[in-house]
Structures are given as C-alpha cells and as structure tokens.
>>> print(open('input_8.txt').read())   # compact mmCIF, C-alpha atoms
# COMPACT_ATOMS: atom_id res chain seq x y z
CA VAL A 214 0.00 0.00 0.00
CA ARG A 215 2.77 2.41 0.93
CA GLU A 216 4.53 1.81 -2.33
CA GLN A 217 1.48 2.52 -4.43
CA PHE A 218 0.90 5.51 -2.36
CA ARG A 219 4.25 7.02 -3.10
CA VAL A 220 4.03 6.38 -6.76
CA SER A 221 0.63 7.93 -7.02
CA VAL A 222 1.77 10.96 -5.11
CA SER A 223 4.83 11.48 -7.22
CA ARG A 224 2.80 11.39 -10.37
CA PHE A 225 1.34 14.85 -10.16
CA PRO A 226 0.50 16.53 -13.40
CA ALA A 227 3.19 18.98 -12.37
CA ARG A 228 3.16 22.01 -14.56
CA GLY A 229 6.45 23.77 -14.96
CA ILE A 230 8.55 20.70 -14.58
CA ARG A 231 9.50 20.50 -18.18
CA ARG A 232 11.10 23.83 -17.81
CA ASN A 233 13.18 22.72 -14.92
CA PRO A 234 15.55 19.86 -15.58
CA GLU A 235 16.88 19.94 -12.03
CA GLN A 236 13.48 19.29 -10.57
CA ALA A 237 12.65 16.75 -13.20
CA ARG A 238 15.80 14.91 -12.32
CA LYS A 239 14.92 14.94 -8.66
CA ARG A 240 11.50 13.63 -9.49
CA ARG A 241 12.91 10.81 -11.51
CA SER A 242 15.26 9.81 -8.78
CA ARG A 243 12.37 9.88 -6.36
CA MET A 244 10.40 7.53 -8.49
CA THR A 245 13.20 5.06 -8.93
CA GLY A 246 15.17 4.96 -5.73
CA MET A 247 12.30 5.22 -3.36
CA ASN A 248 12.97 2.65 -0.72
CA ASP A 249 15.30 4.61 1.39
CA LYS A 250 13.24 7.00 3.42
CA SER A 251 16.06 9.40 4.02
CA GLY A 252 17.27 9.19 0.47
CA HIS A 253 15.73 12.41 -0.71
CA GLY A 254 17.54 15.57 -1.58
CA GLN A 255 21.11 14.43 -1.11
CA LYS A 256 22.17 17.70 -2.66
CA GLU A 257 20.15 19.97 -0.45
CA PRO A 258 22.43 21.98 1.79
CA HIS A 259 19.90 21.97 4.56
CA LYS A 260 16.78 19.99 5.14
CA PRO A 261 14.08 22.23 6.39
CA GLU A 262 11.75 20.22 8.45
CA GLY A 263 8.85 19.00 6.39
CA LEU A 264 9.80 20.96 3.31
CA GLY A 265 11.86 18.35 1.56
CA THR A 266 11.04 17.05 -1.85
CA ASN A 267 9.03 14.26 -0.31
CA SER A 268 6.53 16.57 1.23
CA GLU A 269 3.54 17.88 -0.63
CA ILE A 270 4.08 21.42 0.62
CA GLY A 271 7.78 21.30 -0.17
CA ARG A 272 7.12 20.13 -3.70
CA LYS A 273 4.40 22.66 -4.36
CA LEU A 274 6.52 25.48 -3.04
CA LYS A 275 9.29 24.61 -5.42
CA GLN A 276 6.91 24.16 -8.28
CA TYR A 277 5.31 27.54 -7.57
CA TYR A 278 8.68 29.22 -7.31
CA ASN A 279 10.20 27.51 -10.33
CA GLU A 280 7.38 28.75 -12.44
CA LEU A 281 8.18 32.30 -11.39
CA VAL A 282 11.92 31.92 -11.76
CA THR A 283 11.65 30.59 -15.27
CA GLU A 284 9.48 33.45 -16.49
CA GLN A 285 11.06 35.58 -19.13
CA VAL A 286 12.83 38.57 -17.64
CA PRO A 287 11.28 41.79 -18.93
CA ASP A 288 13.54 43.89 -21.13
CA ARG A 289 13.17 46.87 -18.86
CA PHE A 290 15.70 45.40 -16.47
CA MET A 291 18.37 44.95 -19.09
CA ASP A 292 17.77 48.48 -20.27
CA LEU A 293 17.95 49.72 -16.73
CA LEU A 294 21.27 48.06 -16.01
CA GLN A 295 22.65 49.27 -19.26
CA LYS A 296 21.64 52.77 -18.33
CA LEU A 297 23.08 52.51 -14.85
CA GLU A 298 26.39 51.36 -16.18
CA THR A 299 26.59 54.09 -18.77
CA LYS A 300 25.70 56.68 -16.22
CA GLU A 301 28.31 55.38 -13.82
CA ASP A 302 31.13 55.40 -16.28
CA PRO A 303 31.19 58.62 -18.33
CA SER A 304 34.25 57.42 -20.27
CA SER A 305 32.12 54.79 -21.95
CA LYS A 306 30.25 57.55 -23.72
CA ALA A 307 33.41 58.55 -25.50
CA LYS A 308 33.90 55.16 -27.04
CA ASP A 309 30.52 55.10 -28.66
CA MET B 194 38.07 49.69 -17.70
CA ALA B 195 35.13 49.49 -15.33
CA GLU B 196 35.68 45.79 -15.17
CA HIS B 197 34.33 45.52 -11.67
CA ASP B 198 31.14 47.25 -12.74
CA SER B 199 30.62 44.84 -15.56
CA THR B 200 31.08 41.82 -13.33
CA PHE B 201 28.69 43.33 -10.89
CA ARG B 202 26.22 43.95 -13.65
CA VAL B 203 26.48 40.37 -14.85
CA ASP B 204 25.87 39.14 -11.33
CA LEU B 205 22.87 41.38 -11.00
CA ILE B 206 21.46 40.08 -14.24
CA LYS B 207 21.84 36.53 -13.02
CA ALA B 208 19.99 37.38 -9.86
CA ILE B 209 16.99 38.98 -11.56
CA PRO B 210 14.89 35.83 -11.97
CA SER B 211 15.12 34.94 -8.29
CA LEU B 212 14.55 38.54 -7.28
CA ARG B 213 11.40 38.63 -9.36
CA ALA B 214 10.20 35.35 -7.94
CA PHE B 215 10.74 36.61 -4.43
CA ALA B 216 9.13 39.95 -5.22
CA ILE B 217 6.05 38.28 -6.68
CA SER B 218 5.83 35.96 -3.71
CA LEU B 219 5.95 38.92 -1.37
CA SER B 220 3.70 41.35 -3.16
CA GLN B 221 1.43 38.90 -4.96
CA ARG B 222 1.27 41.26 -7.87
CA SER B 223 3.54 41.15 -10.82
CA ASP B 224 3.36 44.85 -11.70
CA ARG B 225 4.31 45.85 -8.20
CA ALA B 226 6.88 43.09 -8.10
CA ASP B 227 8.67 44.44 -11.13
CA ASP B 228 8.77 47.90 -9.60
CA LEU B 229 10.29 46.33 -6.52
CA VAL B 230 12.93 44.59 -8.58
CA GLN B 231 13.70 47.78 -10.43
CA GLU B 232 14.08 49.70 -7.21
CA THR B 233 16.27 46.94 -5.83
CA LEU B 234 18.57 47.01 -8.83
CA VAL B 235 18.97 50.76 -8.64
CA LYS B 236 19.68 50.65 -4.92
CA ALA B 237 22.08 47.76 -5.33
CA TRP B 238 23.89 49.64 -8.05
CA ASP B 239 24.22 52.74 -5.92
CA LYS B 240 25.36 50.77 -2.94
CA GLN B 241 27.64 48.38 -4.73
CA ALA B 242 30.67 49.83 -2.98
CA SER B 243 29.22 48.63 0.29
CA PHE B 244 28.81 45.10 -0.96
CA GLN B 245 31.67 42.88 0.06
CA MET B 246 32.88 40.82 -2.82
CA GLY B 247 32.87 37.15 -2.07
CA THR B 248 29.91 37.35 0.25
CA ASN B 249 26.45 36.26 -0.71
CA LEU B 250 25.20 38.68 -3.34
CA LYS B 251 21.84 36.98 -3.63
CA ALA B 252 21.18 37.34 0.08
CA TRP B 253 22.29 40.94 -0.03
CA LEU B 254 19.91 41.67 -2.91
CA PHE B 255 17.04 39.88 -1.24
CA THR B 256 17.62 42.00 1.84
CA ILE B 257 17.41 45.18 -0.19
CA LEU B 258 14.28 44.00 -1.95
CA ARG B 259 12.61 42.99 1.25
CA ASN B 260 13.39 46.32 2.91
CA GLU B 261 12.02 48.10 -0.10
CA PHE B 262 8.85 46.04 0.02
CA TYR B 263 8.15 46.83 3.65
CA SER B 264 8.98 50.47 3.28
CA GLN B 265 6.56 50.72 0.35
CA MET B 266 3.92 48.95 2.36
CA ARG B 267 4.34 51.38 5.20
CA LYS B 268 4.01 54.28 2.79
CA ARG B 269 0.87 52.82 1.38
CA GLY B 270 -0.52 52.41 4.85
CA ARG B 271 -0.63 48.67 4.63
CA GLU B 272 -3.46 47.95 2.31
CA VAL B 273 -2.20 44.48 1.76
CA GLN B 274 -3.67 41.23 3.08
CA ASP B 275 -7.28 40.20 2.80
CA SER B 276 -7.67 42.60 -0.08
CA ASP B 277 -10.72 40.71 -1.30
CA GLY B 278 -12.40 41.24 2.03
CA VAL B 279 -12.65 37.57 2.79
CA ILE B 280 -11.94 36.52 6.31
CA THR B 281 -9.32 33.92 5.79
CA ALA B 282 -9.35 32.08 9.05
CA GLY B 283 -10.76 28.65 8.63
CA VAL B 284 -11.40 28.92 4.93
CA ALA B 285 -10.09 25.70 3.58
CA ILE B 286 -9.44 25.12 -0.06
CA HIS B 287 -10.30 21.60 -0.91
CA PRO B 288 -8.13 19.92 -3.42
CA GLY B 289 -9.82 18.87 -6.61
CA GLN B 290 -10.97 15.47 -7.63
CA GLN B 291 -7.67 13.91 -8.54
CA GLY B 292 -6.40 14.67 -5.11
CA ALA B 293 -3.15 16.31 -6.04
CA VAL B 294 -3.06 19.88 -4.88
CA ASP B 295 -3.49 22.14 -7.80
CA LEU B 296 -0.90 24.86 -8.22
CA LYS B 297 -3.63 27.45 -8.35
CA ASP B 298 -5.01 26.30 -5.02
CA PHE B 299 -1.54 26.37 -3.63
CA ARG B 300 -1.05 29.94 -4.78
CA THR B 301 -4.33 30.96 -3.21
CA ALA B 302 -3.34 29.34 0.05
CA LEU B 303 0.02 31.03 -0.03
CA GLU B 304 -1.66 34.39 -0.45
CA LYS B 305 -3.56 33.82 2.74
CA LEU B 306 -0.47 33.61 4.85
CA PRO B 307 0.72 36.67 6.72
CA GLU B 308 3.74 38.21 4.98
CA ASP B 309 6.23 37.22 7.61
CA GLN B 310 5.28 33.57 7.34
CA ARG B 311 5.05 33.66 3.58
CA GLU B 312 8.47 35.17 3.13
CA ALA B 313 9.99 32.72 5.60
CA ILE B 314 8.63 29.66 3.91
CA ILE B 315 9.60 30.97 0.48
CA LEU B 316 13.14 31.80 1.51
CA ILE B 317 13.65 28.43 3.15
CA GLY B 318 11.54 26.12 1.06
CA ALA B 319 11.99 27.65 -2.37
CA SER B 320 14.77 30.21 -2.68
CA GLY B 321 17.26 27.83 -1.15
CA PHE B 322 18.52 29.93 1.72
CA SER B 323 19.64 28.47 5.01
CA TYR B 324 17.85 29.44 8.21
CA GLU B 325 20.81 31.62 9.08
CA GLU B 326 20.71 33.46 5.78
CA ALA B 327 16.96 33.89 5.96
CA ALA B 328 17.28 35.27 9.47
CA GLU B 329 19.78 37.79 8.21
CA ILE B 330 17.60 38.77 5.29
CA CYS B 331 14.59 39.23 7.55
CA ASN B 332 16.63 40.81 10.28
CA CYS B 333 15.43 38.47 12.97
CA ALA B 334 16.58 35.49 15.00
CA VAL B 335 17.07 32.07 13.47
CA GLY B 336 14.52 30.67 15.90
CA THR B 337 11.98 33.19 14.66
CA ILE B 338 12.46 32.03 11.08
CA LYS B 339 12.09 28.44 12.16
CA SER B 340 8.84 29.07 13.94
CA ARG B 341 7.47 31.15 11.07
CA VAL B 342 8.30 28.39 8.62
CA SER B 343 6.69 25.84 10.83
CA ARG B 344 3.54 27.90 11.28
CA ALA B 345 3.38 28.61 7.58
CA ARG B 346 3.66 24.96 6.78
CA THR B 347 0.97 23.98 9.22
CA ARG B 348 -1.32 26.70 7.91
CA LEU B 349 -0.79 25.63 4.31
CA GLN B 350 -1.52 22.06 5.23
CA GLU B 351 -4.74 23.15 6.90
CA LEU B 352 -5.79 25.33 4.01
CA LEU B 353 -5.07 22.65 1.47
CA GLY B 354 -6.45 19.83 3.49
CA ILE B 355 -3.18 17.98 3.50
CA ASP B 356 -2.59 15.58 6.29
CA GLY B 357 0.24 16.91 8.41
CA GLU B 358 1.27 13.36 9.15
CA GLY B 359 4.21 12.02 7.25
CA ASP B 360 5.78 13.13 4.07
CA TYR B 361 3.55 11.36 1.66
CA GLY B 362 0.57 13.65 1.99
CA PRO B 363 -2.37 11.47 1.04
CA ASP B 364 -4.32 12.50 -1.97
CA ALA B 365 -8.00 11.76 -2.17
CA ILE B 366 -7.56 8.53 -4.07
CA ALA B 367 -4.82 7.29 -1.85
CA SER B 368 -6.80 7.99 1.27
CA GLN B 369 -9.74 6.12 -0.18
CA VAL B 370 -7.45 3.21 -0.82
CA LEU B 371 -6.02 3.44 2.61
CA GLY B 372 -9.45 3.78 4.07
CA SER B 373 -10.77 0.67 2.44
CA VAL B 374 -7.72 -1.49 2.89
CA ALA B 375 -7.17 -0.56 6.49
CA VAL B 376 -3.97 1.23 7.12
CA VAL B 377 -0.88 -0.86 7.53
>>> encode(input="input_8.txt", output="structure tokens")
Amino acid sequence: VREQFRVSVSRFPARGIRRNPEQARKRRSRMTGMNDKSGHGQKEPHKPEGLGTNSEIGRKLKQYYNELVTEQVPDRFMDLLQKLETKEDPSSKAKD
Amino acid sequence: MAEHDSTFRVDLIKAIPSLRAFAISLSQRSDRADDLVQETLVKAWDKQASFQMGTNLKAWLFTILRNEFYSQMRKRGREVQDSDGVITAGVAIHPGQQGAVDLKDFRTALEKLPEDQREAIILIGASGFSYEEAAEICNCAVGTIKSRVSRARTRLQELLGIDGEGDYGPDAIASQVLGSVAVV
C-alpha cells in the first residue's frame, strides 16, 4: 500500500517541470530509488523540516517558485542596467 | 576599464529571476513586483561599494528588496492582506478530484499567509537559503524564522487539506485506498 501511495503521489501533473531539468531529475530519482526514506535531496544543503522534496508542501513550493523563476525577464531590467552602467562610467560615452 | 562594474552587472542580471520570484511571492502582484525589482537594482547599483565581494550577493539583494517592500507597504498604509475582504481564518481550499493539490489552489493558500510567514517559507523552502541566511535577510533570529516556517507549513496544510502526518501527503484517491484497505 505504501509503495502505491508514493508512486501515485509522485505522479502529479506537475506544470512547470518540463522547464526545470533539475526538478525533473529529482523527481525521476524519487520515483526510482524510493525505498530509502532518508534518500531524498542528497544535494540539499539543509533539510528544512517537512519541506523536503518528499513533502507535498515542499514540492508545491518549489513548483510555484520555479514557475516564477523561469518566467522571461522583462527587457526593462536589461535596459535599466545598461543605463546605470553608462551613467556610472562617463568614459564609456566617449567610445561610442 | 570598469571591469568591476561589468562583473557586478552580470551578477545582478543573473539574480533577476530569483529577485522577481521573491518579489512576486511577497507582493502577490507582478506589476508591483517588477517595480520592486527595479528599485532593488537601482539601490544595489548605488550601494555596490558597500557590498563585500565574495559574500552572498543573492542574500544581499534579497535583503534590499525585502526592505524596499516593507517600506513601500508602510508608505501605502498597509493595504495588503485580505484585499478581497474575505476573512481567511478557517477557509479551507479543498483539493480537486484527482487529489493532487493544484498549483492554483496552492497559490491561493500562499496568499492567505501573513507576509512574515510567507516570506519565511519561500526563503527556506523555495529560494534555497539556510535558516541563518533567511534570518539575516529578515533581520530576525534564526529561531523566529524556524517558527514562522513551521507555522506557515501547518497553515498551508490546513488550508489545502493535506494531512500533516508524514511526508507522503495522502491524496484523495490514496486515502480512499487506505481507508478501504485498512492502514498498515
């Protein structure tokens, strides 16, 4: 029962995963090497209680966040930084 | 010439996606979030001399963004939270038929958290900061972050109807199965 349980839980329709290979990889490893209870997130620097990749909340949080992180960055920011740098360094005006 | 500036600029550019994600998580509005990011970039640029190379730029930027967010909120007289007039306490969002929590439901639940809890759980559970870093960003004690994260998690579980027990959060189908088979 437990086994089925895990599989069914890790089979969420999971939007946004395609765009994130890292998470997809983690998911795959969850689905294959599932027997070891502590075997999740070997690469995580810290394991916040209950927010690991095995927890529903932990997974959703990452999914939510990944969707935001992978959004296209609006051009205005590139323009802004360009402007800031030009403003900062008047000599750059000279060299066209 | 201006090599340091260019490196700094490149680092800022790299940080933009996470800054935006954090800003949206905080403000819940993408237009306001982008203004926050913009303000953060300008401030960071002006203060770049005070940034110590080799330390955590991302944490430094998040701190600036967060301060900016709260100072804007204060200016606006705190019109945030419960903007739709719904009293949030006890309003549970029930996951849909297939059991898995829908991302939309999750977002709605996240919005219902007080800012301090929301930012804590985002920093720890999504942005990848340690408790120590998050405490620094939020200018509070590590223990405070821990308890905010824990409260946020409990609240989200309540709102989403996820069983707090164990890591395998039963979905509707699974709990039916478990119910009928008698839990092992």
>>> atom_distance(input="input_8.txt", atom1="atom CA of Leu296 of chain B", atom2="atom CA of Glu312 of chain B")
18.0 Å
>>> closest_residue(input="input_8.txt", among="B:Gly270, B:Pro307, B:Pro210, B:Gly247", to="Gln285 of chain A", atoms="only C-alpha atoms")
B:Pro210
>>> closest_residue(input="input_8.txt", among="B:Leu306, B:Ala237, B:Leu250, B:Val342", to="Lys207 of chain B", atoms="all atoms listed in the file")
B:Leu250
>>> closest_residue(input="input_8.txt", among="B:Leu205, B:Ala345, B:Met266, B:Asn260", to="Leu264 of chain A", atoms="only C-alpha atoms")
B:Ala345
>>> closest_residue(input="input_8.txt", among="B:Phe201, B:Phe255, B:Phe244, B:Phe215", to="Ala328 of chain B", atoms="all atoms listed in the file")
B:Phe255
>>> residues_around(input="input_8.txt", residues="Ile314 of chain B", least_positions_apart="3", cutoff="8 Å", atoms="all atoms listed in the file", output="PyMOL selection string")
chain B and resi 310-311+317-319+341-342+345-346
>>> atom_distance(input="input_8.txt", atom1="atom CA of Leu274 of chain A", atom2="atom CA of Ile330 of chain B")
19.2 Å
>>> atom_distance(input="input_8.txt", atom1="atom CA of Lys273 of chain A", atom2="atom CA of Leu303 of chain B")
10.4 Å
>>> closest_residue(input="input_8.txt", among="B:Gln265, B:Thr233, B:Gln221, B:Ser320", to="chain A", atoms="only C-alpha atoms")
B:Ser320
>>> residues_around(input="input_8.txt", residues="Cys331 of chain B", least_positions_apart="6", cutoff="9 Å", atoms="only C-alpha atoms", output="count of residues only")
7
>>> residues_around(input="input_8.txt", residues="Ile217 of chain B", least_positions_apart="2", cutoff="10 Å", atoms="all atoms listed in the file", output="MDAnalysis selection string")
(chainID A and resid 278 281) or (chainID B and resid 211:215 219:227 229:230)
>>> residues_near_point(input="input_8.txt", point="(27.2, 46.3, -19.0)", cutoff="8 Å", atoms="only C-alpha atoms", output="list of chain:residue names")
A:Leu294, A:Gln295, A:Glu298, A:Thr299, B:Asp198, B:Ser199, B:Arg202, B:Val203
>>> closest_residue(input="input_8.txt", among="B:Glu325, B:Leu316, B:Ala216, B:Gly354", to="Tyr263 of chain B", atoms="only C-alpha atoms")
B:Ala216
